[in-house]
Every structure is written in C-alpha cells, then in structure tokens.
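Peer 1: File start-v1.cif follows (mmCIF, C-alpha atoms):
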```
data_start
loop_
_atom_site.label_atom_id
_atom_site.label_comp_id
_atom_site.auth_asym_id
_atom_site.auth_seq_id
_atom_site.Cartn_x
_atom_site.Cartn_y
_atom_site.Cartn_z
CA MET A 1481 0.00 0.00 0.00
CA SER A 1482 1.17 3.53 -0.71
CA LYS A 1483 1.91 5.89 2.16
CA VAL A 1484 -0.64 8.25 3.70
CA LEU A 1485 0.35 11.78 4.74
CA ILE A 1486 -1.58 13.15 7.74
CA THR A 1487 -1.17 16.67 9.14
CA ARG A 1488 -2.25 17.22 12.76
CA PRO A 1489 -1.61 20.75 14.04
CA GLU A 1490 -2.51 21.32 17.70
CA PHE A 1491 -2.58 24.84 19.13
CA ASP A 1492 -6.18 25.66 20.08
CA TYR A 1493 -9.26 23.65 21.07
CA PRO A 1494 -10.53 22.92 17.54
CA THR A 1495 -7.14 21.68 16.37
CA ARG A 1496 -6.60 19.67 19.58
CA TYR A 1497 -9.88 17.93 18.90
CA ILE A 1498 -9.34 17.19 15.25
CA SER A 1499 -5.78 16.09 15.93
CA ALA A 1500 -6.89 13.66 18.64
CA TRP A 1501 -9.50 12.18 16.34
CA ALA A 1502 -7.13 12.05 13.35
CA LYS A 1503 -4.75 10.08 15.55
CA LYS A 1504 -7.24 7.22 15.36
CA ILE A 1505 -6.68 7.25 11.58
CA VAL A 1506 -2.90 7.34 12.06
CA GLU A 1507 -3.22 4.22 14.22
CA LEU A 1508 -5.42 2.54 11.62
CA VAL A 1509 -2.96 3.32 8.82
CA ASN A 1510 -0.03 2.16 10.95
CA LYS A 1511 -1.48 -1.31 11.26
CA LYS A 1512 0.01 -1.63 7.80
CA GLY A 1513 2.96 0.62 8.66
CA ASN A 1514 2.69 3.45 6.18
CA ALA A 1515 1.51 6.68 7.90
CA LEU A 1516 3.52 9.85 7.43
CA ASP A 1517 2.23 11.54 10.58
CA LEU A 1518 2.96 15.25 11.03
CA PRO A 1519 1.73 16.27 14.51
CA ARG A 1520 2.04 19.75 16.06
CA GLU A 1521 5.12 21.68 14.87
CA LYS A 1522 5.76 19.06 12.20
CA SER A 1523 2.67 20.38 10.43
CA ASN A 1524 4.66 23.01 8.59
CA ARG A 1525 4.88 23.84 4.91
CA LYS A 1526 8.51 22.91 4.48
CA LEU A 1527 8.04 19.43 5.90
CA VAL A 1528 4.73 18.83 4.09
CA GLU A 1529 6.28 19.75 0.74
CA SER A 1530 9.34 17.64 1.50
CA MET A 1531 7.23 14.59 2.47
CA LEU A 1532 5.04 14.94 -0.60
CA LYS A 1533 8.09 15.09 -2.85
CA LYS A 1534 10.16 12.40 -1.13
CA HIS A 1535 7.49 9.78 -0.34
CA ASN A 1536 4.83 10.56 -2.94
CA PRO A 1537 1.88 9.38 -0.79
CA SER A 1538 -1.24 8.61 -2.81
CA LEU A 1539 -3.58 9.72 -0.02
CA VAL A 1540 -3.35 12.97 1.98
CA PHE A 1541 -5.43 13.84 5.06
CA PHE A 1542 -5.22 17.51 6.04
CA ASN A 1543 -6.51 18.57 9.47
CA GLY A 1544 -6.51 22.16 10.62
CA HIS A 1545 -7.91 25.56 9.97
CA GLY A 1546 -8.39 26.64 6.41
CA GLY A 1547 -9.91 29.05 3.98
CA LYS A 1548 -11.52 28.73 0.57
CA ASP A 1549 -8.16 28.66 -1.16
CA CYS A 1550 -5.89 27.07 1.44
CA VAL A 1551 -5.28 24.58 4.22
CA MET A 1552 -3.20 25.49 7.23
CA GLY A 1553 -0.92 23.78 9.73
CA GLN A 1554 0.61 24.59 13.10
CA ASP A 1555 -0.09 28.17 14.20
CA ASN A 1556 -2.06 28.66 10.98
CA GLU A 1557 0.94 28.45 8.67
CA VAL A 1558 -0.39 28.03 5.12
CA LEU A 1559 0.54 24.53 3.90
CA VAL A 1560 -1.10 24.46 0.48
CA LYS A 1561 -2.62 27.44 -1.30
CA ALA A 1562 -4.33 27.68 -4.68
CA GLY A 1563 -2.11 29.47 -7.16
CA GLN A 1564 1.02 28.66 -5.16
CA ASN A 1565 1.72 24.98 -4.58
CA GLU A 1566 -1.44 22.94 -5.26
CA ALA A 1567 0.48 21.04 -7.96
CA MET A 1568 2.15 19.21 -5.02
CA LEU A 1569 -1.11 17.24 -4.80
CA THR A 1570 -0.86 15.81 -8.32
CA ASP A 1571 -1.98 12.15 -8.54
CA LYS A 1572 -3.24 12.19 -4.97
CA ILE A 1573 -6.59 11.69 -3.29
CA VAL A 1574 -7.04 14.42 -0.68
CA TYR A 1575 -9.39 14.64 2.26
CA SER A 1576 -9.28 17.99 4.02
CA LEU A 1577 -10.97 18.49 7.38
CA SER A 1578 -10.77 22.27 7.32
CA CYS A 1579 -13.05 25.21 6.72
CA GLY A 1580 -13.99 25.98 3.16
CA SER A 1581 -11.03 24.60 1.22
CA ALA A 1582 -13.13 22.49 -1.17
CA ALA A 1583 -14.50 25.73 -2.65
CA ILE A 1584 -11.36 26.98 -4.39
CA LEU A 1585 -8.36 24.84 -3.40
CA GLY A 1586 -10.30 21.66 -4.26
CA PRO A 1587 -11.01 22.56 -7.91
CA ALA A 1588 -7.55 24.18 -8.28
CA SER A 1589 -5.87 20.98 -7.03
CA VAL A 1590 -7.88 18.80 -9.39
CA ASN A 1591 -7.12 21.14 -12.30
CA SER A 1592 -3.44 20.76 -11.40
CA GLY A 1593 -3.63 16.96 -11.42
CA ALA A 1594 -5.00 15.79 -8.05
CA ARG A 1595 -7.21 12.72 -8.56
CA ALA A 1596 -9.92 13.85 -6.16
CA TYR A 1597 -10.44 16.39 -3.38
CA ILE A 1598 -12.94 15.68 -0.61
CA GLY A 1599 -13.74 18.53 1.76
CA TYR A 1600 -16.05 21.30 2.86
CA LYS A 1601 -17.07 24.19 0.63
CA ARG A 1602 -17.77 26.46 3.62
CA ASP A 1603 -16.90 26.63 7.33
CA PHE A 1604 -16.82 23.32 9.21
CA ALA A 1605 -18.71 23.49 12.49
CA LEU A 1606 -17.58 21.44 15.49
CA MET A 1607 -19.20 21.20 18.90
CA TYR A 1608 -17.65 19.72 22.01
CA ASP A 1609 -18.21 19.18 25.70
CA GLU A 1610 -16.15 21.76 27.60
CA ASN A 1611 -15.69 19.24 30.43
CA LYS A 1612 -14.01 16.80 28.04
CA ARG A 1613 -11.45 19.17 26.55
CA THR A 1614 -8.56 17.34 28.19
CA ARG A 1615 -9.87 13.98 26.94
CA CYS A 1616 -10.90 15.01 23.43
CA HIS A 1617 -10.94 11.47 22.07
CA GLU A 1618 -13.64 10.45 24.61
CA ASP A 1619 -15.99 13.35 23.88
CA LYS A 1620 -19.33 11.93 22.70
CA LEU A 1621 -20.50 15.35 21.55
CA ALA A 1622 -17.47 15.87 19.31
CA GLU A 1623 -17.85 12.30 18.07
CA LEU A 1624 -21.11 13.31 16.38
CA PHE A 1625 -19.01 15.52 14.06
CA LEU A 1626 -15.63 13.80 13.95
CA GLY A 1627 -16.98 10.25 13.67
CA PRO A 1628 -18.54 10.97 10.24
CA SER A 1629 -15.41 12.86 9.24
CA ASN A 1630 -13.17 9.90 10.10
CA GLN A 1631 -15.50 7.65 8.13
CA VAL A 1632 -14.10 9.18 4.91
CA MET A 1633 -10.64 7.88 5.73
CA VAL A 1634 -11.84 4.55 7.13
CA SER A 1635 -13.74 3.91 3.91
CA LEU A 1636 -10.88 4.96 1.62
CA LEU A 1637 -8.42 2.80 3.56
CA LYS A 1638 -10.74 -0.18 3.07
CA GLY A 1639 -10.30 0.30 -0.67
CA HIS A 1640 -13.63 1.94 -1.41
CA THR A 1641 -13.93 4.60 -4.10
CA VAL A 1642 -14.00 8.31 -3.33
CA HIS A 1643 -17.72 8.28 -4.13
CA GLU A 1644 -18.36 5.40 -1.73
CA ALA A 1645 -16.31 7.06 1.01
CA HIS A 1646 -18.23 10.31 0.53
CA ILE A 1647 -21.60 8.54 0.67
CA SER A 1648 -20.55 6.50 3.70
CA ALA A 1649 -19.53 9.63 5.62
CA LYS A 1650 -22.67 11.49 4.54
CA ASN A 1651 -24.76 8.58 5.79
CA SER A 1652 -22.92 8.75 9.09
CA PHE A 1653 -23.80 12.48 9.42
CA LYS A 1654 -27.43 11.70 8.51
CA LYS A 1655 -27.61 8.85 11.02
CA ASN A 1656 -26.48 11.21 13.78
CA ILE A 1657 -28.99 13.88 12.71
CA ARG A 1658 -31.81 11.34 12.62
CA LYS A 1659 -30.86 9.92 16.02
CA LEU A 1660 -30.88 13.37 17.62
CA LEU A 1661 -34.11 14.50 15.94
CA THR A 1662 -35.97 11.44 17.14
CA SER A 1663 -34.59 11.55 20.68
CA THR A 1664 -36.80 13.13 23.30
CA SER A 1665 -34.07 13.40 25.89
CA SER A 1666 -30.68 13.92 24.24
CA PRO A 1667 -28.92 17.09 25.42
CA HIS A 1668 -27.05 16.91 22.13
CA SER A 1669 -30.06 17.80 19.98
CA VAL A 1670 -28.70 21.37 19.82
CA CYS A 1671 -26.08 19.97 17.44
CA VAL A 1672 -28.50 19.25 14.63
CA PRO A 1673 -28.26 22.65 12.84
CA TYR A 1674 -24.44 22.40 12.90
CA LEU A 1675 -24.38 18.76 11.73
CA LEU A 1676 -26.74 19.64 8.89
CA TRP A 1677 -24.50 22.58 7.98
CA ASP A 1678 -21.47 20.29 7.73
CA LEU A 1679 -23.41 17.68 5.77
CA GLN A 1680 -24.55 20.24 3.22
CA ALA A 1681 -21.04 21.70 2.87
CA PHE A 1682 -19.37 18.32 2.34
CA ILE A 1683 -18.41 17.76 -1.33
CA VAL A 1684 -16.16 15.86 -3.71
CA VAL A 1685 -14.26 17.44 -6.57
CA GLY A 1686 -12.56 15.31 -9.23
CA ASP A 1687 -12.69 11.60 -10.01
CA SER A 1688 -15.31 9.93 -7.80
CA ALA A 1689 -14.17 6.51 -9.00
CA ALA A 1690 -10.62 6.99 -7.68
CA LYS A 1691 -9.41 4.51 -5.06
CA TYR A 1692 -6.49 4.48 -2.63
CA ASN A 1693 -4.14 1.62 -3.32
CA MET B 834 -41.92 37.55 6.57
CA ALA B 835 -39.87 37.87 9.76
CA ASP B 836 -37.66 40.93 10.05
CA GLU B 837 -34.03 40.86 11.10
CA ASN B 838 -34.76 41.48 14.79
CA ASP B 839 -37.33 38.68 14.91
CA ILE B 840 -34.79 36.30 13.42
CA LYS B 841 -32.11 37.41 15.89
CA GLU B 842 -34.49 36.87 18.80
CA LEU B 843 -35.47 33.45 17.52
CA VAL B 844 -31.85 32.35 17.13
CA ILE B 845 -30.87 33.72 20.55
CA ALA B 846 -33.81 31.87 22.12
CA ARG B 847 -32.68 28.64 20.48
CA ILE B 848 -29.12 29.13 21.73
CA LYS B 849 -30.29 29.96 25.26
CA ALA B 850 -32.19 26.67 25.32
CA ALA B 851 -28.96 24.73 24.80
CA PRO B 852 -27.26 23.10 27.81
CA GLU B 853 -24.30 24.81 29.50
CA GLY B 854 -20.78 23.63 28.87
CA VAL B 855 -21.01 23.18 25.11
CA GLY B 856 -18.30 24.79 22.97
CA VAL B 857 -18.85 25.68 19.33
CA SER B 858 -15.94 26.03 16.94
CA PHE B 859 -16.83 27.67 13.69
CA GLY B 860 -14.85 29.44 11.01
CA GLY B 861 -11.50 29.36 12.77
CA GLN B 862 -12.86 30.49 16.14
CA ASP B 863 -11.34 28.89 19.22
CA GLY B 864 -14.52 27.46 20.73
CA LEU B 865 -17.37 29.79 21.67
CA SER B 866 -19.58 29.40 24.73
CA LYS B 867 -23.32 30.01 24.70
CA ASP B 868 -22.86 33.54 26.08
CA GLU B 869 -20.18 34.35 23.52
CA LEU B 870 -22.40 33.15 20.67
CA ILE B 871 -25.19 35.43 21.89
CA LYS B 872 -22.79 38.39 22.14
CA HIS B 873 -21.68 37.85 18.53
CA ILE B 874 -25.30 37.70 17.37
CA GLU B 875 -26.23 40.85 19.28
CA ALA B 876 -23.19 42.63 17.84
CA ASN B 877 -24.25 41.50 14.36
CA ASP B 878 -20.61 40.73 13.50
CA GLU B 879 -19.37 38.16 11.00
CA ILE B 880 -19.52 35.23 13.46
CA GLY B 881 -22.96 36.29 14.68
CA ARG B 882 -24.26 36.43 11.12
CA LYS B 883 -22.83 32.98 10.40
CA ILE B 884 -24.50 31.50 13.48
CA ILE B 885 -27.81 32.99 12.36
CA GLU B 886 -27.23 31.48 8.90
CA VAL B 887 -26.62 28.02 10.42
CA GLN B 888 -29.78 28.16 12.53
CA MET B 889 -31.96 29.58 9.77
CA ASN B 890 -30.60 27.04 7.29
CA PHE B 891 -31.75 24.29 9.67
CA LEU B 892 -35.23 25.76 10.11
CA THR B 893 -35.65 26.31 6.38
CA SER B 894 -34.39 22.80 5.58
CA LEU B 895 -36.77 21.35 8.16
CA LYS B 896 -39.68 23.27 6.69
CA GLU B 897 -38.81 22.21 3.14
CA GLY B 898 -38.06 18.58 4.02
CA ARG B 899 -34.40 18.82 2.95
CA LEU B 900 -32.81 17.44 6.10
CA TYR B 901 -31.37 14.29 4.62
CA GLU B 902 -30.37 15.49 1.15
#
```
What is this structure when it is put down as structure tokens?
Peer 2:
Amino acid sequence: MSKVLITRPEFDYPTRYISAWAKKIVELVNKKGNALDLPREKSNRKLVESMLKKHNPSLVFFNGHGGKDCVMGQDNEVLVKAGQNEAMLTDKIVYSLSCGSAAILGPASVNSGARAYIGYKRDFALMYDENKRTRCHEDKLAELFLGPSNQVMVSLLKGHTVHEAHISAKNSFKKNIRKLLTSTSSPHSVCVPYLLWDLQAFIVVGDSAAKYN
Amino acid sequence: MADENDIKELVIARIKAAPEGVGVSFGGQDGLSKDELIKHIEANDEIGRKIIEVQMNFLTSLKEGRLYE
C-alpha cells in the first residue's frame, strides 16, 4: 500500500480535537505501517512539501484551519494554497478536514492533477463538551461531528472509491442527525443545525471513482 | 416575513435553550460558549451572522423537508 500523509496541528481547542480524532486514523494506517504523521510543529509547509516530494503518498489527510483557497498547519501556517503549490497534490486523493477549502483549493488541485479532493465548501462546524477538553478522544458530543469525518478515511483505507467514502460519511452524518431529531431526551439535539451545515457543505471534486491503493 | 430582529431573537432563544458547557468552533474560532455566541449575534458581526445562517438554514431545511439530502 502507498503511504498516507496526515497533518495534525494542535494549538487551540478545535485543532486539539481534530488532531486527537485524526490520531485514530494514524493508528489505523499504521497497522500496515505506512503513515507519514505530522503532529504539532511538524505540520509546517517545508516538511509537508518535503514529504510529498520524497514519499509521494497517494492519499493525503489535512486537518486544521483553512480558507476557501488554502489549508493550514501549526499556528495557521499556510501549507497548500491555490495558485502557489497545489500542484504538489498531483496524482493524490485528498481529504481535508478544514473550513472551506473544497470551494477553491479543491477545484484548483484537481485542475493541477490531483485525482480527487474531498472537503467542505464552507466553514466546518464542530461542537464539544467543555468538560471533556482534556480527553478530546472520549468526547461523545465531538464524536457526532468527527466520527462521520473519520469515516471518509476509514472507507478509503478499506479500498472503497471516493464516491463510496463520501456517501458513507454522509450517511454517518445523517444517522447522527436522525438519532438526535428522534430523541426526546438527548442534550445533544442542539447539534442538529451544525451537523446539517457540515453535511450540506461536504463535497467531492474530481474523479469519484478513484481509489487508494 | 420575519424581520431581522425577529430572526435574531429566535436564534438567541434557540441558543439559550442549549445546555451549558457546550463549545462551538466555527470558522476558525477557538470554541465559543453560549454567552459568547449570543454576544456575537447581538453585535451582528461576522460570526454572529454565520450562526444565524446556520440556525436559519436548519429551520428552512426542516420546513422544506431537505434534512437528509
């Protein structure tokens, strides 16, 4: 199997959460021994570009803040930006858990040769239990958002197509929405507008039939 | 048709009904509490307008039966 590059900046609560949940994917990938894990300060542009060039991973999982034309790393350093270095993603399948990057960076990457770009065309909303901030990976509230997100990677790593991974993750979002809407007692029902927002922002650009191998 | 103040009041009421101790991260913000969300909405700043958009999107989707699309 080809290597998988995973960026995991950690410097505020949102990035701590998404890093902790992305670590589950690192562990899954490492069962086969091929994760290029870039936690905290290692999530910098120089190292990302170097890893992409040296190891040529066929799957890239960006975690962090972002904008319509970029994804960011530690302390919001821009890692990939449309019009600058999106050609680094040529021949790769990309999943970006970041705000908005599927709007401009996604199409720009695919136009520059990326096989597919999965991400969010507008801001990604995340909710969490403030009492669980030191044990992010156990937070059931955050799991409602980050569980469906991780499903993209789980599905791709199983050898499913980009389309199948997208549908699987969307179904996971929908399942959580349905569960909360039909619950009469869940304190988490306040999440539904934010889960729906994420679901509606979640898109694929490029070749839906592409597979990680 | 509801005016802007009606919508603001509706969204603030929905947020007030949420349990305490829930953080919301949205658009690069470092986790907002219930009180902070309400302050942004009352200030009508960019974050406040986005929160209103999220809540109104839900209500509109619910009304139009577009929840699972």
Peer 1: Please measure the separation of atom CA of Met1531 of chain A and atom CA of Gly1546 of chain A, giving the value in Å to one decimal.
Peer 2: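 Atom-to-atom, atom CA of Met1531 of chain A and atom CA of Gly1546 of chain A are spaced 20.1 Å apart.
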Peer 1: Return the neighbours of chain A among the residues of chain B, cut-off 12 Å, counting all atoms listed in the file, as a PDB file with C-alpha atoms, in the coordinates of the input.
Peer 2:
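File written: iface17.pdb
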```
ATOM      1  CA  VAL B 844     -31.850  32.350  17.130  1.00  0.00           C
ATOM      2  CA  ALA B 846     -33.810  31.870  22.120  1.00  0.00           C
ATOM      3  CA  ARG B 847     -32.680  28.640  20.480  1.00  0.00           C
ATOM      4  CA  ILE B 848     -29.120  29.130  21.730  1.00  0.00           C
ATOM      5  CA  LYS B 849     -30.290  29.960  25.260  1.00  0.00           C
ATOM      6  CA  ALA B 850     -32.190  26.670  25.320  1.00  0.00           C
ATOM      7  CA  ALA B 851     -28.960  24.730  24.800  1.00  0.00           C
ATOM      8  CA  PRO B 852     -27.260  23.100  27.810  1.00  0.00           C
ATOM      9  CA  GLU B 853     -24.300  24.810  29.500  1.00  0.00           C
ATOM     10  CA  GLY B 854     -20.780  23.630  28.870  1.00  0.00           C
ATOM     11  CA  VAL B 855     -21.010  23.180  25.110  1.00  0.00           C
ATOM     12  CA  GLY B 856     -18.300  24.790  22.970  1.00  0.00           C
ATOM     13  CA  VAL B 857     -18.850  25.680  19.330  1.00  0.00           C
ATOM     14  CA  SER B 858     -15.940  26.030  16.940  1.00  0.00           C
ATOM     15  CA  PHE B 859     -16.830  27.670  13.690  1.00  0.00           C
ATOM     16  CA  GLY B 860     -14.850  29.440  11.010  1.00  0.00           C
ATOM     17  CA  GLY B 861     -11.500  29.360  12.770  1.00  0.00           C
ATOM     18  CA  GLN B 862     -12.860  30.490  16.140  1.00  0.00           C
ATOM     19  CA  ASP B 863     -11.340  28.890  19.220  1.00  0.00           C
ATOM     20  CA  GLY B 864     -14.520  27.460  20.730  1.00  0.00           C
ATOM     21  CA  LEU B 865     -17.370  29.790  21.670  1.00  0.00           C
ATOM     22  CA  SER B 866     -19.580  29.400  24.730  1.00  0.00           C
ATOM     23  CA  LYS B 867     -23.320  30.010  24.700  1.00  0.00           C
ATOM     24  CA  ILE B 880     -19.520  35.230  13.460  1.00  0.00           C
ATOM     25  CA  LYS B 883     -22.830  32.980  10.400  1.00  0.00           C
ATOM     26  CA  ILE B 884     -24.500  31.500  13.480  1.00  0.00           C
ATOM     27  CA  ILE B 885     -27.810  32.990  12.360  1.00  0.00           C
ATOM     28  CA  GLU B 886     -27.230  31.480   8.900  1.00  0.00           C
ATOM     29  CA  VAL B 887     -26.620  28.020  10.420  1.00  0.00           C
ATOM     30  CA  GLN B 888     -29.780  28.160  12.530  1.00  0.00           C
ATOM     31  CA  MET B 889     -31.960  29.580   9.770  1.00  0.00           C
ATOM     32  CA  ASN B 890     -30.600  27.040   7.290  1.00  0.00           C
ATOM     33  CA  PHE B 891     -31.750  24.290   9.670  1.00  0.00           C
ATOM     34  CA  LEU B 892     -35.230  25.760  10.110  1.00  0.00           C
ATOM     35  CA  THR B 893     -35.650  26.310   6.380  1.00  0.00           C
ATOM     36  CA  SER B 894     -34.390  22.800   5.580  1.00  0.00           C
ATOM     37  CA  LEU B 895     -36.770  21.350   8.160  1.00  0.00           C
ATOM     38  CA  ARG B 899     -34.400  18.820   2.950  1.00  0.00           C
ATOM     39  CA  LEU B 900     -32.810  17.440   6.100  1.00  0.00           C
ATOM     40  CA  TYR B 901     -31.370  14.290   4.620  1.00  0.00           C
ATOM     41  CA  GLU B 902     -30.370  15.490   1.150  1.00  0.00           C
TER      42      GLU B 902
END
```
Peer 1: Have a look at atom CA of Ala1588 of chain A and atom CA of Ser1538 of chain A and let me know their distance in Å, one decimal.
Peer 2: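 Separation of atom CA of Ala1588 of chain A and atom CA of Ser1538 of chain A: 17.7 Å.
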Peer 1: I'd like the interatomic distance between atom CA of Gly1513 of chain A and atom CA of Met1481 of chain A, to a tenth of an Å.
Peer 2: 9.2 Å
Peer 1: Rank A:Ala1502, A:Leu1637, A:Val1632, A:Ala1582 by their smallest atom-to-atom distance to Val1684 of chain A, using only C-alpha atoms, and report the top residue only.
Peer 2: A:Ala1582
Peer 1: Would you please work out which residue, of A:Ile1584, A:Ala1562, A:Thr1664, A:Trp1501, is nearest to Pro1628 of chain A when using all atoms listed in the file?
Peer 2: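 Ranking A:Ile1584, A:Ala1562, A:Thr1664, A:Trp1501 by distance to Pro1628 of chain A, first place goes to A:Trp1501.
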Peer 1: Can you translate the PyMOL selection byres ((chain A and resi 1636) around 12) into the concrete residues it hits in this file, as a ChimeraX atom specification?
Peer 2: /A:1484,1505,1508-1509,1538-1541,1573-1575,1596,1598,1629-1635,1637-1649,1688-1693
Peer 1: Since the input lacks some atoms of segment 1631-1652 of chain A, please model N, CA, C and O atoms and print them as a PDB file, in the coordinates of the input.
Peer 2:
```
ATOM      1  N   GLN A1631     -14.951   8.702   8.993  1.00  0.00           N
ATOM      2  CA  GLN A1631     -15.500   7.650   8.130  1.00  0.00           C
ATOM      3  C   GLN A1631     -14.983   7.778   6.698  1.00  0.00           C
ATOM      4  O   GLN A1631     -14.851   6.779   5.996  1.00  0.00           O
ATOM      5  N   VAL A1632     -14.683   8.996   6.256  1.00  0.00           N
ATOM      6  CA  VAL A1632     -14.100   9.180   4.910  1.00  0.00           C
ATOM      7  C   VAL A1632     -12.818   8.370   4.800  1.00  0.00           C
ATOM      8  O   VAL A1632     -12.631   7.588   3.855  1.00  0.00           O
ATOM      9  N   MET A1633     -11.940   8.543   5.777  1.00  0.00           N
ATOM     10  CA  MET A1633     -10.640   7.880   5.730  1.00  0.00           C
ATOM     11  C   MET A1633     -10.772   6.373   5.938  1.00  0.00           C
ATOM     12  O   MET A1633     -10.099   5.586   5.271  1.00  0.00           O
ATOM     13  N   VAL A1634     -11.638   5.988   6.870  1.00  0.00           N
ATOM     14  CA  VAL A1634     -11.840   4.550   7.130  1.00  0.00           C
ATOM     15  C   VAL A1634     -12.277   3.863   5.835  1.00  0.00           C
ATOM     16  O   VAL A1634     -11.761   2.801   5.459  1.00  0.00           O
ATOM     17  N   SER A1635     -13.201   4.492   5.138  1.00  0.00           N
ATOM     18  CA  SER A1635     -13.740   3.910   3.910  1.00  0.00           C
ATOM     19  C   SER A1635     -12.682   3.860   2.801  1.00  0.00           C
ATOM     20  O   SER A1635     -12.523   2.841   2.127  1.00  0.00           O
ATOM     21  N   LEU A1636     -11.936   4.949   2.638  1.00  0.00           N
ATOM     22  CA  LEU A1636     -10.880   4.960   1.620  1.00  0.00           C
ATOM     23  C   LEU A1636      -9.819   3.905   1.913  1.00  0.00           C
ATOM     24  O   LEU A1636      -9.341   3.218   1.012  1.00  0.00           O
ATOM     25  N   LEU A1637      -9.460   3.768   3.185  1.00  0.00           N
ATOM     26  CA  LEU A1637      -8.420   2.800   3.560  1.00  0.00           C
ATOM     27  C   LEU A1637      -8.889   1.356   3.362  1.00  0.00           C
ATOM     28  O   LEU A1637      -8.070   0.454   3.213  1.00  0.00           O
ATOM     29  N   LYS A1638     -10.211   1.165   3.338  1.00  0.00           N
ATOM     30  CA  LYS A1638     -10.740  -0.180   3.070  1.00  0.00           C
ATOM     31  C   LYS A1638     -10.724  -0.489   1.571  1.00  0.00           C
ATOM     32  O   LYS A1638     -11.107  -1.574   1.160  1.00  0.00           O
ATOM     33  N   GLY A1639     -10.369   0.520   0.766  1.00  0.00           N
ATOM     34  CA  GLY A1639     -10.300   0.300  -0.670  1.00  0.00           C
ATOM     35  C   GLY A1639     -11.545   0.741  -1.423  1.00  0.00           C
ATOM     36  O   GLY A1639     -11.690   0.465  -2.616  1.00  0.00           O
ATOM     37  N   HIS A1640     -12.436   1.443  -0.725  1.00  0.00           N
ATOM     38  CA  HIS A1640     -13.630   1.940  -1.410  1.00  0.00           C
ATOM     39  C   HIS A1640     -13.281   3.155  -2.271  1.00  0.00           C
ATOM     40  O   HIS A1640     -12.278   3.823  -2.044  1.00  0.00           O
ATOM     41  N   THR A1641     -14.158   3.438  -3.233  1.00  0.00           N
ATOM     42  CA  THR A1641     -13.930   4.600  -4.100  1.00  0.00           C
ATOM     43  C   THR A1641     -14.187   5.897  -3.326  1.00  0.00           C
ATOM     44  O   THR A1641     -14.814   5.887  -2.247  1.00  0.00           O
ATOM     45  N   VAL A1642     -13.745   6.990  -3.917  1.00  0.00           N
ATOM     46  CA  VAL A1642     -14.000   8.310  -3.330  1.00  0.00           C
ATOM     47  C   VAL A1642     -15.511   8.527  -3.186  1.00  0.00           C
ATOM     48  O   VAL A1642     -15.976   9.025  -2.156  1.00  0.00           O
ATOM     49  N   HIS A1643     -16.263   8.134  -4.192  1.00  0.00           N
ATOM     50  CA  HIS A1643     -17.720   8.280  -4.130  1.00  0.00           C
ATOM     51  C   HIS A1643     -18.297   7.486  -2.951  1.00  0.00           C
ATOM     52  O   HIS A1643     -19.116   7.993  -2.178  1.00  0.00           O
ATOM     53  N   GLU A1644     -17.846   6.252  -2.817  1.00  0.00           N
ATOM     54  CA  GLU A1644     -18.360   5.400  -1.730  1.00  0.00           C
ATOM     55  C   GLU A1644     -17.975   5.961  -0.365  1.00  0.00           C
ATOM     56  O   GLU A1644     -18.774   5.926   0.581  1.00  0.00           O
ATOM     57  N   ALA A1645     -16.761   6.486  -0.268  1.00  0.00           N
ATOM     58  CA  ALA A1645     -16.310   7.060   1.010  1.00  0.00           C
ATOM     59  C   ALA A1645     -17.139   8.300   1.350  1.00  0.00           C
ATOM     60  O   ALA A1645     -17.514   8.520   2.513  1.00  0.00           O
ATOM     61  N   HIS A1646     -17.426   9.096   0.336  1.00  0.00           N
ATOM     62  CA  HIS A1646     -18.230  10.310   0.530  1.00  0.00           C
ATOM     63  C   HIS A1646     -19.637   9.942   0.993  1.00  0.00           C
ATOM     64  O   HIS A1646     -20.159  10.510   1.972  1.00  0.00           O
ATOM     65  N   ILE A1647     -20.233   8.970   0.315  1.00  0.00           N
ATOM     66  CA  ILE A1647     -21.600   8.540   0.670  1.00  0.00           C
ATOM     67  C   ILE A1647     -21.622   7.938   2.083  1.00  0.00           C
ATOM     68  O   ILE A1647     -22.524   8.209   2.887  1.00  0.00           O
ATOM     69  N   SER A1648     -20.614   7.146   2.388  1.00  0.00           N
ATOM     70  CA  SER A1648     -20.550   6.500   3.700  1.00  0.00           C
ATOM     71  C   SER A1648     -20.483   7.556   4.818  1.00  0.00           C
ATOM     72  O   SER A1648     -21.175   7.455   5.836  1.00  0.00           O
ATOM     73  N   ALA A1649     -19.648   8.571   4.614  1.00  0.00           N
ATOM     74  CA  ALA A1649     -19.530   9.630   5.620  1.00  0.00           C
ATOM     75  C   ALA A1649     -20.812  10.461   5.697  1.00  0.00           C
ATOM     76  O   ALA A1649     -21.263  10.834   6.787  1.00  0.00           O
ATOM     77  N   LYS A1650     -21.410  10.738   4.527  1.00  0.00           N
ATOM     78  CA  LYS A1650     -22.670  11.490   4.540  1.00  0.00           C
ATOM     79  C   LYS A1650     -23.753  10.713   5.306  1.00  0.00           C
ATOM     80  O   LYS A1650     -24.509  11.291   6.093  1.00  0.00           O
ATOM     81  N   ASN A1651     -23.781   9.407   5.076  1.00  0.00           N
ATOM     82  CA  ASN A1651     -24.760   8.580   5.790  1.00  0.00           C
ATOM     83  C   ASN A1651     -24.516   8.594   7.292  1.00  0.00           C
ATOM     84  O   ASN A1651     -25.460   8.531   8.084  1.00  0.00           O
ATOM     85  N   SER A1652     -23.261   8.699   7.671  1.00  0.00           N
ATOM     86  CA  SER A1652     -22.920   8.750   9.090  1.00  0.00           C
ATOM     87  C   SER A1652     -23.416  10.081   9.706  1.00  0.00           C
ATOM     88  O   SER A1652     -23.967  10.102  10.811  1.00  0.00           O
TER      89      SER A1652
END
```
